[in-house]
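Inspection log for the structure reproduced underneath, given as structure tokens.
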Amino acid sequence: MDLLETVVSALSVLATFLGALLLILLLLSAVIVAVVIMLLAYSFKTGNVLFPNLLIIGIMFFEGPIKAIIRLFGVDDAAIDRISIDMQNRAMWATFSKIPFDKRAIFMPQCLRSVECPARLSPEGIKCKSCGQCEVNNAKKAAEKLGYMFFIVPGSSFIVRMIHKYHPAAIIGVGCLCEVKEGLNLMHKNKIPAIGVVLDRSGCVSTVLDWEKFFEVMQSYNYKEALERTGEMAVKDHGLHKV
């Protein structure tokens, strides 16, 4: 009987401790969510981003409740995703820019190809034939001239495969909003500095990319300064020349 009472007493103490720990974690989570929302509100209002690394981690771990609360103020999920991408680009640029071009890889979505594209799928993605029917050809030539590894891929599985095969030290990823966001999160978890460029118009075919912005990211070490000046990824009229 004494043993049973001891066990019951121990379990009661454990339950009290776990309950208190759970309450503390819930309160801490609520505080973090509140802080992230205040920082996001500041970012929306001023165009400046404070504590980007804290915001990245906060959005990654508390994305659901943060988006649910912000929807009450009429802000859609896409706005949160865009500012999350912008913050990750800002946070990663200092590390990314130190990596030589020939240690970087570019992943381009196949939806940017011309509908008349003669290229076919290979184990390493779409192999561009330089037919000149779309801007991907110019991007590939310019990237490879700088030393980049350049891939045109139909999906994320190809990206993972090429990363495992070639081990790039840094990545530029182009895609729709959700693809870029998921890709940056994946690279963040794998400690690979990555910069995301979002398509201006998404879809399965005939998508649209701001090529000037893409070339700015690919060629220039002043992209971080441009981000700070504009408060967004759109960079215009920097005298870029496509190869």
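By convention here, the chains of the structure tokens are called A, B, ... in the order presented, each chain's residues are numbered starting at 1, and ligands are numbered starting at 1 in the order presented.
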
**Prompt:** Any idea what's packed within 10 Å of stretch 158-169 of chain A, counting only C-alpha atoms, ignoring anything in its chain fewer than 6 positions away? Could you give it as a PyMOL selection string?
**Reply:** chain A and resi 96+99-108+123-125+148-149+151-152+183+186-187+191-194

Which of stretch 16-129 of chain A DSSP labels strand (DSSP E or B), written as a compact mmCIF listing (two decimals) with N, CA and C atoms, in the first residue's frame:
# COMPACT_ATOMS: atom_id res chain seq x y z
N ARG A 104 28.30 28.10 -56.93
CA ARG A 104 26.87 28.33 -56.82
C ARG A 104 26.09 27.58 -57.91
N ALA A 105 24.83 27.36 -57.62
CA ALA A 105 23.94 26.72 -58.61
C ALA A 105 22.68 27.56 -58.76
N ILE A 106 22.13 27.56 -59.97
CA ILE A 106 20.85 28.22 -60.26
C ILE A 106 19.85 27.16 -60.66
N PHE A 107 18.66 27.23 -60.06
CA PHE A 107 17.58 26.32 -60.42
C PHE A 107 16.43 27.13 -61.02
N MET A 108 16.17 26.87 -62.28
CA MET A 108 15.16 27.59 -63.04
C MET A 108 13.97 26.66 -63.31
N PRO A 109 12.74 27.13 -63.16
CA PRO A 109 11.59 26.26 -63.41
C PRO A 109 11.35 26.07 -64.91
N LEU A 121 13.54 16.24 -71.40
CA LEU A 121 13.91 15.95 -70.01
C LEU A 121 15.04 14.93 -69.95
N SER A 122 16.02 15.18 -69.07
CA SER A 122 17.12 14.26 -68.84
C SER A 122 17.20 13.97 -67.34
N GLY A 125 17.45 17.21 -65.43
CA GLY A 125 16.51 18.27 -65.77
C GLY A 125 16.43 18.50 -67.27
N ILE A 126 15.86 19.64 -67.66
CA ILE A 126 15.72 19.98 -69.06
C ILE A 126 17.06 20.47 -69.61

**Message:** Applying 8 Å and only C-alpha atoms, which residues near A:Gly58 remain after dropping the ones on its own chain fewer than 6 positions away? List them as a PyMOL selection string.
**Reply:** chain A and resi 32-33+36

Next, the residues of the selection above should be written as a PDB file, in the first residue's frame with C-alpha atoms.
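Resulting contents of again-v7.pdb:
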ATOM      1  CA  ILE A  32       6.940  34.967 -29.615  1.00  0.00           C
ATOM      2  CA  VAL A  33       3.889  35.132 -31.889  1.00  0.00           C
ATOM      3  CA  VAL A  36       6.716  38.450 -34.598  1.00  0.00           C
TER       4      VAL A  36
END

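Across the model, the gap from atom CA of A:Met218 to atom CA of A:Cys111 is 19.6 Å.
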
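Proximity of A:Arg201, A:His188, A:Lys145, A:Lys98 to A:Ile57, computed with only C-alpha atoms, is greatest for A:His188.
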
Neighbours of A:Ile66 within 12 Å (only C-alpha atoms; same-chain residues fewer than 5 positions away dropped), as a CSV table (one decimal) with N, CA and C atoms, in the first residue's frame?
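After the write, part-v3.csv holds the following:
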chain,number,residue,atom,x,y,z
A,29,SER,N,5.2,30.7,-26.4
A,29,SER,CA,4.8,30.7,-27.8
A,29,SER,C,4.0,31.9,-28.1
A,30,ALA,N,3.1,32.3,-27.2
A,30,ALA,CA,2.2,33.4,-27.4
A,30,ALA,C,3.0,34.7,-27.4
A,31,VAL,N,4.0,34.8,-26.6
A,31,VAL,CA,4.9,36.0,-26.6
A,31,VAL,C,5.6,36.1,-27.9
A,32,ILE,N,6.2,35.0,-28.4
A,32,ILE,CA,6.9,35.0,-29.6
A,32,ILE,C,6.0,35.4,-30.8
A,33,VAL,N,4.8,34.8,-30.8
A,33,VAL,CA,3.9,35.1,-31.9
A,33,VAL,C,3.6,36.6,-31.9
A,34,ALA,N,3.3,37.2,-30.7
A,34,ALA,CA,3.0,38.6,-30.5
A,34,ALA,C,4.2,39.5,-31.0
A,35,VAL,N,5.4,39.1,-30.6
A,35,VAL,CA,6.6,39.8,-31.1
A,35,VAL,C,6.7,39.8,-32.6
A,36,VAL,N,6.6,38.6,-33.1
A,36,VAL,CA,6.7,38.4,-34.6
A,36,VAL,C,5.7,39.3,-35.3
A,37,ILE,N,4.4,39.3,-34.8
A,37,ILE,CA,3.4,40.1,-35.5
A,37,ILE,C,3.7,41.5,-35.4
A,38,MET,N,4.2,42.0,-34.2
A,38,MET,CA,4.5,43.4,-34.1
A,38,MET,C,5.7,43.8,-35.1
A,39,LEU,N,6.7,42.9,-35.2
A,39,LEU,CA,7.8,43.2,-36.2
A,39,LEU,C,7.3,43.2,-37.6
A,40,LEU,N,6.3,42.3,-37.9
A,40,LEU,CA,5.7,42.2,-39.2
A,40,LEU,C,4.9,43.5,-39.5
A,41,ALA,N,4.2,43.9,-38.5
A,41,ALA,CA,3.4,45.2,-38.7
A,41,ALA,C,4.3,46.3,-39.0
A,55,LEU,N,12.6,36.9,-37.2
A,55,LEU,CA,11.3,36.8,-38.0
A,55,LEU,C,11.3,35.5,-38.8
A,58,GLY,N,10.6,32.7,-36.4
A,58,GLY,CA,9.2,32.8,-35.9
A,58,GLY,C,8.2,32.4,-36.9
A,59,ILE,N,8.4,32.8,-38.1
A,59,ILE,CA,7.4,32.5,-39.2
A,59,ILE,C,7.5,31.0,-39.5
A,60,MET,N,8.7,30.4,-39.5
A,60,MET,CA,8.8,29.0,-39.8
A,60,MET,C,8.1,28.1,-38.8
A,61,PHE,N,8.2,28.5,-37.5
A,61,PHE,CA,7.7,27.6,-36.4
A,61,PHE,C,6.3,27.9,-36.1
A,71,ARG,N,-4.7,37.6,-40.7
A,71,ARG,CA,-5.9,37.6,-41.6
A,71,ARG,C,-7.0,38.4,-41.1
A,72,LEU,N,-7.1,38.5,-39.7
A,72,LEU,CA,-8.1,39.4,-39.1
A,72,LEU,C,-7.9,40.8,-39.5
A,73,PHE,N,-6.7,41.2,-39.9
A,73,PHE,CA,-6.5,42.6,-40.2
A,73,PHE,C,-6.5,42.8,-41.7
A,75,VAL,N,-4.8,41.2,-44.1
A,75,VAL,CA,-3.6,40.9,-44.8
A,75,VAL,C,-3.6,39.4,-45.3
A,76,ASP,N,-3.4,39.2,-46.6
A,76,ASP,CA,-3.5,37.8,-47.1
A,76,ASP,C,-2.2,37.0,-46.8
A,77,ASP,N,-2.3,35.7,-47.0
A,77,ASP,CA,-1.2,34.9,-46.7
A,77,ASP,C,0.0,35.2,-47.7
A,80,ILE,N,2.4,37.7,-46.3
A,80,ILE,CA,3.3,37.1,-45.3
A,80,ILE,C,4.5,36.3,-46.0
A,81,ASP,N,4.1,35.5,-47.0
A,81,ASP,CA,5.1,34.7,-47.7
A,81,ASP,C,6.1,35.6,-48.4

**Request:** List the neighbours of A:Phe214 out to 10 Å using only C-alpha atoms; skip same-chain residues closer than 2 positions along the sequence, and give me the result as number ranges by chain.
**Result:** A: 139, 172-174, 196-199, 209-212, 216-219, 233-235

**Request:** Work out how far apart atom CA of A:Gly147 and atom CA of A:Met92 are and give it in Å to one decimal.
**Result:**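 Going from atom CA of A:Gly147 over to atom CA of A:Met92, I get 20.4 Å.
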
**Asked** Could you work out how far atom CA of A:Leu11 lies from atom CA of A:Leu23, giving the answer in Å with one decimal?
**Response**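 Atom CA of A:Leu11 lies 18.1 Å from atom CA of A:Leu23.
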